[in-house]
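Enquirer: One file is attached below, work.cif, containing mmCIF, C-alpha atoms.
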data_structure
loop_
_atom_site.label_atom_id
_atom_site.label_comp_id
_atom_site.auth_asym_id
_atom_site.auth_seq_id
_atom_site.Cartn_x
_atom_site.Cartn_y
_atom_site.Cartn_z
CA MET A 240 -15.18 22.47 -12.78
CA GLU A 241 -14.90 21.33 -16.42
CA GLU A 242 -11.61 19.49 -15.77
CA ILE A 243 -12.31 18.72 -12.10
CA ALA A 244 -14.11 15.55 -10.98
CA ILE A 245 -14.01 16.13 -7.20
CA ARG A 246 -13.15 19.29 -5.29
CA ILE A 247 -12.99 19.14 -1.49
CA ASN A 248 -12.88 22.44 0.37
CA SER A 249 -11.88 22.72 4.07
CA LEU A 250 -13.78 19.56 4.94
CA SER A 251 -14.24 18.60 8.60
CA LYS A 252 -16.27 15.93 10.37
CA ILE A 253 -16.66 16.27 14.13
CA TYR A 254 -18.16 13.74 16.51
CA LYS A 255 -19.14 14.48 20.10
CA LEU A 256 -17.66 12.02 22.58
CA TYR A 257 -19.20 11.60 26.03
CA ASP A 258 -17.58 9.87 28.99
CA ARG A 259 -20.94 8.53 30.16
CA PRO A 260 -24.31 8.08 28.41
CA ILE A 261 -25.98 10.32 31.00
CA ASP A 262 -23.73 13.22 29.98
CA ARG A 263 -25.52 13.47 26.64
CA LEU A 264 -28.83 14.01 28.40
CA LYS A 265 -27.31 16.47 30.90
CA GLU A 266 -25.88 18.53 28.05
CA THR A 267 -29.22 18.57 26.25
CA LEU A 268 -31.14 19.70 29.37
CA SER A 269 -28.51 22.12 30.69
CA PRO A 270 -30.14 25.60 31.05
CA ARG A 271 -26.69 27.23 30.73
CA HIS A 272 -25.73 25.05 27.74
CA LYS A 273 -22.89 23.48 29.66
CA SER A 274 -20.74 21.21 27.54
CA TYR A 275 -20.17 17.63 28.67
CA HIS A 276 -18.51 16.33 25.52
CA LYS A 277 -15.16 16.37 23.77
CA ASP A 278 -14.86 17.07 20.06
CA PHE A 279 -13.31 14.29 18.01
CA TYR A 280 -12.17 15.30 14.53
CA ALA A 281 -12.59 12.35 12.20
CA LEU A 282 -11.59 14.83 9.48
CA ASN A 283 -9.94 18.17 10.15
CA ASP A 284 -9.83 20.84 7.42
CA ILE A 285 -9.20 18.58 4.41
CA SER A 286 -8.80 20.17 0.97
CA LEU A 287 -8.17 18.13 -2.15
CA THR A 288 -8.73 18.39 -5.90
CA ILE A 289 -9.07 15.37 -8.19
CA LYS A 290 -9.03 15.89 -11.94
CA LYS A 291 -11.16 13.98 -14.40
CA GLY A 292 -9.56 10.71 -15.44
CA GLU A 293 -7.17 10.60 -12.48
CA THR A 294 -6.75 7.51 -10.35
CA VAL A 295 -6.05 8.57 -6.77
CA GLY A 296 -5.20 6.36 -3.82
CA VAL A 297 -5.90 7.29 -0.20
CA ILE A 298 -3.66 5.70 2.41
CA GLY A 299 -3.16 6.05 6.15
CA LYS A 300 -3.21 4.17 9.42
CA ASN A 301 -6.42 2.84 10.93
CA GLY A 302 -8.44 5.78 12.20
CA ALA A 303 -6.87 8.24 9.75
CA GLY A 304 -10.27 9.24 8.35
CA LYS A 305 -10.09 7.47 4.97
CA SER A 306 -13.50 5.80 5.08
CA THR A 307 -15.10 8.91 6.57
CA LEU A 308 -13.80 10.94 3.64
CA LEU A 309 -15.25 8.52 1.10
CA LYS A 310 -18.61 8.42 2.88
CA ILE A 311 -18.88 12.21 2.77
CA ILE A 312 -17.93 12.30 -0.91
CA THR A 313 -20.61 9.71 -1.71
CA GLY A 314 -23.23 11.46 0.44
CA VAL A 315 -23.54 8.75 3.09
CA LEU A 316 -22.38 11.22 5.75
CA SER A 317 -22.81 14.97 6.04
CA PRO A 318 -19.79 17.15 6.83
CA SER A 319 -19.59 19.28 9.95
CA ALA A 320 -17.84 22.01 7.97
CA GLY A 321 -16.60 22.56 4.44
CA SER A 322 -17.98 21.36 1.15
CA VAL A 323 -17.59 18.76 -1.60
CA GLU A 324 -18.22 19.52 -5.27
CA ILE A 325 -18.87 16.57 -7.59
CA ASN A 326 -18.85 16.67 -11.37
CA GLY A 327 -20.27 13.43 -12.74
CA ARG A 328 -22.11 10.27 -11.72
CA ILE A 329 -20.57 8.54 -8.70
CA SER A 330 -20.63 4.82 -8.10
CA SER A 331 -19.13 3.46 -4.89
CA LEU A 332 -18.22 0.31 -3.07
CA LEU A 333 -17.80 1.11 0.60
CA GLU A 334 -17.91 -1.25 3.57
CA LEU A 335 -19.49 -4.66 3.27
CA GLY A 336 -23.22 -4.56 2.59
CA ALA A 337 -23.47 -0.77 2.29
CA GLY A 338 -26.44 0.20 0.13
CA PHE A 339 -28.06 -3.23 0.26
CA ASN A 340 -31.35 -4.09 1.92
CA PRO A 341 -30.71 -7.46 3.61
CA GLU A 342 -34.34 -8.53 3.19
CA TYR A 343 -34.30 -7.98 -0.59
CA THR A 344 -32.99 -10.50 -3.08
CA GLY A 345 -29.88 -9.81 -5.09
CA ILE A 346 -32.00 -8.92 -8.14
CA GLU A 347 -34.14 -6.52 -6.11
CA ASN A 348 -31.05 -4.85 -4.70
CA ILE A 349 -29.66 -4.40 -8.20
CA TYR A 350 -32.79 -2.45 -9.17
CA LEU A 351 -32.73 -0.56 -5.85
CA ASN A 352 -29.14 0.55 -6.42
CA GLY A 353 -29.90 1.40 -10.04
CA THR A 354 -32.70 3.69 -8.88
CA ILE A 355 -30.42 5.35 -6.33
CA MET A 356 -27.89 5.93 -9.13
CA GLY A 357 -30.56 7.60 -11.24
CA LEU A 358 -31.07 4.78 -13.71
CA SER A 359 -34.48 4.01 -15.15
CA LYS A 360 -35.86 0.47 -15.01
CA GLU A 361 -35.14 0.08 -18.71
CA GLU A 362 -31.49 1.10 -18.21
CA THR A 363 -31.10 -1.38 -15.35
CA ASP A 364 -32.77 -4.07 -17.47
CA ALA A 365 -30.13 -3.50 -20.16
CA ARG A 366 -27.30 -3.91 -17.64
CA LEU A 367 -28.74 -6.82 -15.63
CA ASP A 368 -27.11 -9.65 -17.60
CA ASP A 369 -23.67 -8.00 -17.39
CA ILE A 370 -24.07 -7.45 -13.64
CA LEU A 371 -25.06 -11.06 -12.99
CA ALA A 372 -22.32 -12.42 -15.25
CA PHE A 373 -19.58 -10.46 -13.50
CA ALA A 374 -20.92 -11.22 -10.00
CA ASP A 375 -21.13 -14.94 -10.84
CA ILE A 376 -23.24 -15.86 -7.81
CA GLY A 377 -25.63 -18.19 -9.66
CA ASP A 378 -29.09 -18.78 -8.22
CA PHE A 379 -28.19 -16.82 -5.09
CA ALA A 380 -29.17 -13.73 -7.09
CA TYR A 381 -32.77 -14.73 -6.33
CA GLN A 382 -32.19 -15.20 -2.59
CA PRO A 383 -32.24 -12.52 0.16
CA VAL A 384 -28.78 -10.98 0.51
CA LYS A 385 -28.92 -11.64 4.28
CA THR A 386 -28.14 -15.25 3.32
CA TYR A 387 -25.00 -14.24 1.40
CA SER A 388 -21.44 -14.87 2.45
CA SER A 389 -19.15 -11.85 2.65
CA GLY A 390 -17.61 -12.88 -0.67
CA MET A 391 -21.00 -12.92 -2.42
CA TYR A 392 -21.81 -9.49 -0.97
CA VAL A 393 -18.65 -8.06 -2.49
CA ARG A 394 -19.14 -9.79 -5.84
CA LEU A 395 -22.61 -8.35 -6.30
CA ALA A 396 -21.78 -4.90 -4.90
CA PHE A 397 -18.70 -4.46 -7.09
CA SER A 398 -20.52 -5.75 -10.15
CA VAL A 399 -23.31 -3.20 -9.63
CA ALA A 400 -20.79 -0.40 -9.00
CA ILE A 401 -18.88 -0.90 -12.26
CA ASN A 402 -21.82 -1.64 -14.55
CA VAL A 403 -23.81 1.56 -13.98
CA LYS A 404 -21.23 3.30 -16.22
CA PRO A 405 -19.98 5.76 -13.60
CA ASP A 406 -17.92 8.88 -14.25
CA ILE A 407 -16.37 8.47 -10.81
CA LEU A 408 -15.71 5.12 -9.11
CA ILE A 409 -14.98 5.07 -5.38
CA VAL A 410 -13.74 1.87 -3.77
CA ASP A 411 -12.97 1.31 -0.10
CA GLU A 412 -11.03 -1.75 1.05
CA ALA A 413 -14.04 -4.00 0.62
CA LEU A 414 -12.22 -5.86 -2.19
CA ALA A 415 -9.96 -7.44 0.42
CA VAL A 416 -12.88 -9.70 1.38
CA GLY A 417 -13.09 -11.45 -1.99
CA ASP A 418 -11.04 -14.47 -2.97
CA ALA A 419 -7.79 -14.08 -4.93
CA ARG A 420 -9.36 -14.93 -8.30
CA PHE A 421 -12.13 -12.37 -7.89
CA GLN A 422 -9.67 -9.71 -6.67
CA LEU A 423 -7.64 -10.14 -9.85
CA LYS A 424 -10.84 -9.91 -11.87
CA CYS A 425 -11.79 -6.66 -10.09
CA LEU A 426 -8.33 -5.15 -10.50
CA ALA A 427 -8.40 -5.93 -14.22
CA LYS A 428 -11.78 -4.19 -14.45
CA ILE A 429 -10.50 -1.17 -12.52
CA LYS A 430 -7.58 -0.94 -14.95
CA GLU A 431 -10.03 -1.13 -17.87
CA LEU A 432 -12.17 1.67 -16.41
CA LYS A 433 -9.04 3.75 -15.86
CA GLU A 434 -8.12 3.38 -19.53
CA GLN A 435 -11.65 4.50 -20.43
CA GLY A 436 -11.10 7.76 -18.54
CA VAL A 437 -13.16 7.00 -15.43
CA THR A 438 -12.02 8.93 -12.36
CA ILE A 439 -11.13 6.44 -9.63
CA LEU A 440 -10.66 7.06 -5.91
CA LEU A 441 -9.64 4.06 -3.85
CA VAL A 442 -8.55 3.36 -0.29
CA SER A 443 -5.93 0.72 0.32
CA HIS A 444 -3.23 -0.25 2.81
CA SER A 445 -1.31 -1.89 -0.03
CA ILE A 446 1.49 0.31 -1.31
CA GLU A 447 2.00 -2.17 -4.15
CA MET A 448 -1.57 -1.58 -5.33
CA LEU A 449 -1.14 2.19 -5.17
CA LYS A 450 2.06 2.03 -7.20
CA SER A 451 0.46 -0.24 -9.78
CA PHE A 452 -2.86 1.53 -10.26
CA THR A 453 -2.80 5.15 -9.11
CA ASP A 454 -1.48 8.36 -10.64
CA LYS A 455 -1.06 9.99 -7.24
CA ALA A 456 -1.62 9.14 -3.60
CA VAL A 457 -2.90 11.06 -0.59
CA LEU A 458 -1.70 10.43 2.96
CA LEU A 459 -4.04 11.05 5.90
CA ASP A 460 -3.29 10.75 9.59
CA LYS A 461 -5.59 11.35 12.55
CA GLY A 462 -8.10 13.15 10.35
CA LYS A 463 -5.56 15.52 8.83
CA PHE A 464 -4.22 15.86 5.33
CA LEU A 465 -0.46 15.25 5.47
CA LYS A 466 0.76 15.09 1.90
CA GLU A 467 -0.06 14.19 -1.67
CA GLY A 468 2.31 13.13 -4.42
CA ASP A 469 3.51 10.22 -6.49
CA PRO A 470 2.63 6.78 -5.03
CA VAL A 471 6.26 5.79 -4.36
CA SER A 472 7.11 8.85 -2.23
CA ILE A 473 3.76 8.71 -0.41
CA GLY A 474 4.32 5.00 0.23
CA LEU A 475 7.64 5.83 1.88
CA GLU A 476 5.97 8.47 4.06
CA TYR A 477 3.33 5.91 5.04
CA TYR A 478 6.01 3.43 6.12
CA ARG A 479 7.70 6.11 8.21
CA LEU A 480 4.35 6.95 9.76
CA LEU A 481 3.78 3.29 10.64
CA TYR A 482 7.21 2.58 12.04
CA GLY A 483 8.66 5.99 12.84
CA ASP A 484 8.05 5.68 16.57
CA GLU A 485 9.97 2.37 16.59
CA VAL A 486 13.12 3.58 14.84
CA GLU A 487 16.11 3.73 17.15
CA LYS A 488 18.84 6.36 17.04
CA PRO A 489 21.90 5.51 14.93
CA LEU A 490 24.37 3.25 16.68
CA VAL A 491 27.00 5.94 16.22
CA GLU A 492 26.24 9.57 17.02
CA LYS A 493 28.85 10.77 14.51
CA PRO A 494 29.94 9.42 11.11
CA LEU A 495 32.17 6.37 11.09
CA SER A 496 35.86 7.29 11.42
CA GLU A 497 36.81 5.87 8.03
CA ASN A 498 34.03 7.79 6.35
CA PRO A 499 33.66 11.35 7.69
CA LYS A 500 30.61 13.14 6.29
CA PRO A 501 29.63 10.32 3.93
CA PRO A 502 27.84 11.30 0.70
CA GLU A 503 24.59 9.56 -0.14
CA LYS A 504 26.17 7.99 -3.20
CA SER A 505 29.63 7.98 -4.77
CA ASN A 506 31.73 6.00 -7.24
CA GLU A 507 34.90 4.20 -6.25
CA GLY A 508 36.50 3.00 -9.46
CA THR A 509 34.01 0.82 -11.31
CA ASN A 510 32.02 0.10 -8.14
CA SER A 511 29.02 2.11 -7.01
CA VAL A 512 29.06 2.88 -3.28
CA ILE A 513 25.97 3.98 -1.36
CA TYR A 514 25.98 5.35 2.20
CA PRO A 515 22.36 5.21 3.39
CA ASP A 516 20.85 7.60 5.90
CA ILE A 517 19.51 5.57 8.84
CA SER A 518 16.86 8.23 9.53
CA LYS A 519 15.14 7.02 6.34
CA SER A 520 14.80 3.46 7.60
CA PHE A 521 12.36 1.81 9.98
CA GLY A 522 12.47 -1.12 12.37
CA LYS A 523 13.30 -1.81 16.01
CA GLY A 524 16.89 -0.69 15.62
CA GLY A 525 19.99 -2.36 16.99
CA ALA A 526 21.52 -2.45 13.50
CA GLN A 527 22.46 -0.10 10.71
CA ILE A 528 23.79 -0.30 7.18
CA ASP A 529 27.14 1.46 6.88
CA LYS A 530 27.52 1.17 3.13
CA ILE A 531 26.46 -0.78 0.06
CA ILE A 532 28.84 -1.61 -2.79
CA ILE A 533 27.46 -2.56 -6.21
CA LYS A 534 29.87 -4.38 -8.50
CA GLY A 535 29.25 -5.04 -12.17
CA ALA A 536 27.21 -1.90 -12.93
CA GLU A 537 28.23 0.77 -15.43
CA ASN A 538 28.00 4.50 -14.70
CA GLY A 539 26.97 3.71 -11.15
CA ASN A 540 23.71 1.87 -11.74
CA VAL A 541 23.35 0.57 -15.32
CA VAL A 542 23.31 -3.21 -15.75
CA TYR A 543 22.54 -5.46 -18.70
CA SER A 544 20.11 -8.34 -18.73
CA ASN A 545 21.77 -11.76 -18.71
CA SER A 546 24.70 -10.29 -16.78
CA LYS A 547 26.04 -10.89 -13.28
CA ILE A 548 26.31 -8.31 -10.50
CA GLU A 549 27.34 -8.40 -6.86
CA ILE A 550 25.75 -6.36 -4.08
CA GLU A 551 27.70 -6.13 -0.83
CA ILE A 552 25.97 -4.81 2.31
CA TYR A 553 28.00 -3.86 5.38
CA TYR A 554 26.20 -3.80 8.73
CA THR A 555 27.07 -2.55 12.22
CA ILE A 556 25.12 -4.23 15.01
CA ASP A 557 24.60 -3.67 18.73
CA PRO A 558 24.76 -7.11 20.44
CA GLU A 559 23.40 -5.77 23.75
CA LYS A 560 20.34 -4.28 22.10
CA LEU A 561 19.76 -7.47 20.12
CA LYS A 562 20.11 -9.54 23.28
CA GLU A 563 17.28 -7.47 24.76
CA PHE A 564 15.09 -8.04 21.68
CA GLN A 565 15.78 -11.76 21.79
CA TYR A 566 14.81 -11.97 25.46
CA ILE A 567 11.55 -10.03 24.93
CA SER A 568 10.50 -11.88 21.78
CA ASN A 569 11.92 -15.30 22.71
CA CYS A 570 13.37 -15.68 19.22
CA LYS A 571 16.58 -17.31 18.03
CA ASP A 572 19.88 -15.44 17.97
CA THR A 573 20.34 -15.80 14.21
CA PHE A 574 19.85 -13.20 11.48
CA LEU A 575 17.36 -13.17 8.63
CA PHE A 576 18.73 -11.21 5.66
CA GLY A 577 16.50 -10.03 2.86
CA LEU A 578 16.71 -8.00 -0.34
CA ARG A 579 13.52 -7.31 -2.31
CA MET A 580 13.61 -6.36 -5.99
CA GLU A 581 10.65 -4.55 -7.61
CA ASN A 582 9.95 -2.86 -10.89
CA GLY A 583 8.76 0.73 -11.19
CA GLY A 584 5.13 -0.35 -10.94
CA GLY A 585 5.60 -1.95 -7.53
CA ILE A 586 5.52 -5.54 -8.76
CA VAL A 587 7.94 -7.73 -6.82
CA ILE A 588 10.35 -9.45 -9.21
CA THR A 589 11.95 -11.59 -6.51
CA ASP A 590 12.82 -11.64 -2.84
CA PHE A 591 16.33 -12.79 -1.91
CA HIS A 592 16.11 -14.26 1.60
CA SER A 593 18.73 -16.06 3.62
CA ASP A 594 16.30 -18.66 4.97
CA THR A 595 15.44 -19.80 1.42
CA THR A 596 19.06 -19.94 0.24
CA PRO A 597 20.43 -23.52 0.18
CA GLY A 598 23.67 -23.86 2.08
CA PHE A 599 23.52 -20.43 3.68
CA ARG A 600 25.30 -20.45 7.03
CA ASN A 601 23.27 -18.70 9.73
CA THR A 602 25.15 -16.08 11.70
CA SER A 603 24.63 -15.34 15.38
CA TYR A 604 24.63 -11.70 16.48
CA THR A 605 26.85 -12.66 19.42
CA LYS A 606 29.85 -13.34 17.17
CA SER A 607 30.70 -9.82 16.05
CA GLU A 608 29.67 -6.16 16.09
CA SER A 609 29.83 -5.98 12.30
CA ILE A 610 28.90 -8.26 9.45
CA ALA A 611 29.20 -8.09 5.65
CA LEU A 612 26.92 -9.86 3.20
CA ARG A 613 27.40 -10.43 -0.54
CA TYR A 614 24.57 -11.13 -2.99
CA SER A 615 25.73 -12.63 -6.29
CA ILE A 616 22.86 -12.10 -8.70
CA ASN A 617 22.38 -13.27 -12.27
CA ILE A 618 20.16 -10.64 -13.89
CA PRO A 619 17.67 -12.45 -16.20
CA ASN A 620 16.48 -11.07 -19.52
CA LEU A 621 14.30 -8.44 -17.89
CA ALA A 622 12.40 -5.75 -19.74
CA SER A 623 14.34 -2.48 -19.83
CA GLY A 624 13.57 -0.12 -16.98
CA ASP A 625 14.34 0.89 -13.41
CA TYR A 626 14.32 -1.78 -10.70
CA TRP A 627 14.30 -0.89 -7.00
CA PHE A 628 15.98 -2.75 -4.15
CA SER A 629 14.85 -2.81 -0.50
CA PRO A 630 17.21 -4.45 2.04
CA GLU A 631 16.02 -5.71 5.41
CA LEU A 632 17.53 -7.37 8.46
CA ALA A 633 15.60 -9.30 11.10
CA LEU A 634 16.49 -11.29 14.20
CA GLY A 635 15.12 -14.80 14.64
CA GLU A 636 13.61 -17.20 12.13
CA ARG A 637 10.62 -17.16 9.82
CA GLU A 638 8.17 -18.37 12.50
CA ASN A 639 9.28 -15.78 15.09
CA TYR A 640 11.35 -12.73 14.24
CA VAL A 641 11.90 -9.05 15.00
CA VAL A 642 12.49 -6.58 12.14
CA LEU A 643 15.63 -4.66 13.08
CA LEU A 644 16.09 -2.57 9.98
CA GLU A 645 14.40 -2.07 6.63
CA TYR A 646 14.80 0.43 3.84
CA VAL A 647 12.11 0.75 1.18
CA TYR A 648 13.46 1.56 -2.30
CA LEU A 649 16.96 2.30 -1.02
CA PHE A 650 18.57 2.20 -4.45
CA SER A 651 17.74 1.38 -8.06
CA LEU A 652 19.45 -0.24 -11.01
CA LYS A 653 18.64 0.60 -14.61
CA VAL A 654 18.37 -2.60 -16.61
CA THR A 655 19.04 -2.54 -20.35
CA SER A 656 17.50 -5.51 -22.14
CA SER A 657 19.61 -7.55 -24.54
CA THR A 658 16.52 -8.24 -26.64
CA GLU A 659 16.26 -5.86 -29.56
CA LYS A 660 12.60 -6.47 -30.36
CA LEU A 661 9.88 -5.19 -28.05
CA TYR A 662 7.88 -7.75 -26.15
CA LEU A 663 5.20 -7.83 -23.48
CA GLY A 664 5.81 -8.93 -19.92
CA LEU A 665 8.47 -8.49 -17.28
CA MET A 666 11.06 -10.76 -18.83
CA LYS A 667 11.95 -12.76 -21.91
CA MET A 668 12.12 -16.52 -21.36
CA ASP A 669 13.89 -18.97 -23.62
CA PHE A 670 11.51 -21.32 -25.39
CA ASP A 671 11.10 -23.38 -28.53
CA MET A 672 8.01 -23.82 -30.67
CA GLN A 673 7.18 -25.91 -33.71
CA ILE A 674 4.24 -27.17 -35.67
CA ILE A 675 3.45 -30.80 -34.82
#
Represent the structure of the file as structure tokens.

Expert:
Amino acid sequence: MEEIAIRINSLSKIYKLYDRPIDRLKETLSPRHKSYHKDFYALNDISLTIKKGETVGVIGKNGAGKSTLLKIITGVLSPSAGSVEINGRISSLLELGAGFNPEYTGIENIYLNGTIMGLSKEETDARLDDILAFADIGDFAYQPVKTYSSGMYVRLAFSVAINVKPDILIVDEALAVGDARFQLKCLAKIKELKEQGVTILLVSHSIEMLKSFTDKAVLLDKGKFLKEGDPVSIGLEYYRLLYGDEVEKPLVEKPLSENPKPPEKSNEGTNSVIYPDISKSFGKGGAQIDKIIIKGAENGNVVYSNSKIEIEIYYTIDPEKLKEFQYISNCKDTFLFGLRMENGGGIVITDFHSDTTPGFRNTSYTKSESIALRYSINIPNLASGDYWFSPELALGERENYVVLLEYVYLFSLKVTSSTEKLYLGLMKMDFDMQII
């Protein structure tokens, strides 16, 4: 266990579900031990190893067992089977108000949590000013926490969690309650703790957060461990899990006649051509991308900052299917086109959308069974690196629409910066400075 922070072995949590309250009593008093319940597996045979200093994200649909897993790791719940081995001091921020006595003041709860964490009064005294400064709740620290807003709960709870100098920090989605400014403050602190070598385990539905902060991600579904891996690939699996049951079959059962057995990617002259696999997309269906042509890139996907490229996307659509969607959703018959651009850390650089493009002429799905779209993009002076593109197509308008088709990270371009010197940030902006 020297290099291991958390080891989870065949962990299960089972709850007994009864159809009627009386069935619980009947089962208890049954002389033949007749069962009146059904077993519900909140967790089912989970095994996972987290190394010291790793930042691991846990993701999954509602009811996947994420919060149950964290509660067992922190000792709030006991497992039905299996074991958890912990190497180091754990500090956690679970659901709102967990670990707080509502009748105690904020100060009293700080000392209560310090005691639970194994801190002496002197150690808590030494940390008190830092806790109060980060929480920034003013005189409310001397009021009972039952009078707190949800935001104040989170401020104080997170401040306590990070200031007890934990070896392992566990954070559920409680941060979503705080305001935007405090969330940024918390994320900056999590990044600081990560750089200090603290092991971090966090639950989030935000793939962008996982890509930005975690070394690996774990996907759970219906209490079962599905997969672990890098945040980008796990994020894709999560999207497929969310939308997989909505994806329609391809509009054509066999490859298009002009493109038998299309490769995933090929080069035609100086243009890069991509033939996406519709099985890797999600959405309601009724549309598919036949091919994407990238013009202005070298060696297939290399572009220079301050250069111009063109991305052409060719769609096939099913007007009858779209007519059905329009009737059900009562949306307009026009398309919404989108193309999202992100860096390798999951930060969105920009979002090209047809409804924010001046002069763009809306197209009705009733006009044709195919449509081609060209994006003319001036690449700014971006930092060198890989940038991912995610195309999407929706029916309707911003206020009411149906997502027909979306690919996440369908293709990438490698940007080479024209700036020789290194600099911080996502891009170099032109500016002038002088002493005045």

Enquirer: Carefully work through the PyMOL selection byres ((chain A and resi 301-303) around 6) for this structure and note down the residues it includes, as a VMD selection string.

Expert: chain A and resid 299 to 300 304 to 305 459 to 462

Enquirer: Take the residues that were just selected and, keeping C-alpha atoms, output them as an mmCIF file, in the coordinates of the input.

Expert:
data_model
loop_
_atom_site.group_PDB
_atom_site.id
_atom_site.type_symbol
_atom_site.label_atom_id
_atom_site.label_comp_id
_atom_site.auth_asym_id
_atom_site.auth_seq_id
_atom_site.Cartn_x
_atom_site.Cartn_y
_atom_site.Cartn_z
ATOM 1 C CA GLY A 299 -3.160 6.050 6.150
ATOM 2 C CA LYS A 300 -3.210 4.170 9.420
ATOM 3 C CA GLY A 304 -10.270 9.240 8.350
ATOM 4 C CA LYS A 305 -10.090 7.470 4.970
ATOM 5 C CA LEU A 459 -4.040 11.050 5.900
ATOM 6 C CA ASP A 460 -3.290 10.750 9.590
ATOM 7 C CA LYS A 461 -5.590 11.350 12.550
ATOM 8 C CA GLY A 462 -8.100 13.150 10.350
#

Enquirer: Point out the residue among A:Leu287, A:Asn352, A:Thr589, A:Ser651 with the least atom-to-atom distance to Val457 of chain A, counting only C-alpha atoms.

Expert: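 Ranking A:Leu287, A:Asn352, A:Thr589, A:Ser651 by distance to Val457 of chain A, first place goes to A:Leu287.
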
Enquirer: If we count all atoms listed in the file and set the cut-off at 10 Å, which residues sit around segment 533-538 of chain A, ignoring sequence neighbours fewer than 5 positions away in its own chain? Please answer as a list in words.

Expert: Asn506, Gly508, Thr509, Asn510, Ser511, Val512, Ile513, Tyr543, Ser546, Lys547, Ile548, Glu549, Ile550, Glu551, Ile552, Arg613, Tyr614, Ser615, Leu652, Lys653 and Val654 of chain A

Enquirer: With the PyMOL selection byres ((chain A and resi 276) around 12) as the selection, what would be picked from this file? Answer as a PyMOL selection string, please.

Expert: chain A and resi 253-267+272-275+277-279

Enquirer: Just checking: using only C-alpha atoms, which residue out of A:Asn402, A:Thr344, A:Ser472, A:Thr605 ends up closest to Ala365 of chain A?

Expert: A:Asn402

Enquirer: Might you spell out which residues the PyMOL selection byres ((chain A and resi 634) around 6) would select in the displayed file, as a list in words?

Expert: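 This file gives the following for the PyMOL selection byres ((chain A and resi 634) around 6): Thr573, Phe574, Leu575, Ala633, Gly635, Tyr640 and Val641 of chain A.
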
Enquirer: What separation in Å, quoted to one decimal, exists between atom CA of Ala427 of chain A and atom CA of Ile446 of chain A?

Expert: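 Spanning atom CA of Ala427 of chain A to atom CA of Ile446 of chain A is a straight-line distance of 17.4 Å.
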
Enquirer: Using atom CA of Val647 of chain A and atom CA of Pro630 of chain A as the two end points, give the distance in Å to one decimal.

Expert: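 About the pair atom CA of Val647 of chain A and atom CA of Pro630 of chain A: they are 7.3 Å apart.
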
Enquirer: Interatomic distance between atom CA of Gly525 of chain A and atom CA of Ala611 of chain A?

Expert: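 Between atom CA of Gly525 of chain A and atom CA of Ala611 of chain A the gap is 15.7 Å.
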
Enquirer: Find, counting all atoms listed in the file, the residue in A:Ile439, A:Leu458, A:Val393, A:Ala400 that gets nearest to Arg366 of chain A.

Expert: A:Ala400

Enquirer: Compile the contact shell of Tyr381 of chain A as a ChimeraX atom specification: residues with an atom at most 7 Å away, counting all atoms listed in the file, same-chain residues fewer than 3 positions apart removed.

Expert: /A:344-346,378

Enquirer: For a quick check of understanding, using all atoms listed in the file, which of A:Asn540, A:Thr294, A:Ser593, A:Ser603 has the smallest distance to Gln435 of chain A?

Expert: A:Thr294

Enquirer: Need the shell around segment 447-456 of chain A: protein/DNA/RNA residues with any atom at most 6 Å away, counting all atoms listed in the file. Skip same-chain ones fewer than 2 positions apart. Format as a ChimeraX atom specification?

Expert: /A:294-297,445,467-470,584-585

Enquirer: Nearest residue to Ser518 of chain A out of A:Lys252, A:Ile376, A:Asp369, A:Arg479, using all atoms listed in the file?

Expert: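 Nearest to Ser518 of chain A: A:Arg479.
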
Enquirer: Could you give me, as a PyMOL selection string, the residues within 10 Å of Ala320 of chain A, counting all atoms listed in the file and dropping anything in the same chain fewer than 6 positions from it?

Expert: chain A and resi 248-253+282-285

Enquirer: Excluding segment 556-565 of chain A and its own-chain neighbours fewer than 3 positions away, which residues fall within 8 Å of it when counting only C-alpha atoms? Please give them as a PyMOL selection string.

Expert: chain A and resi 490+525-527+568-572+604-605+607-610+634-635+641
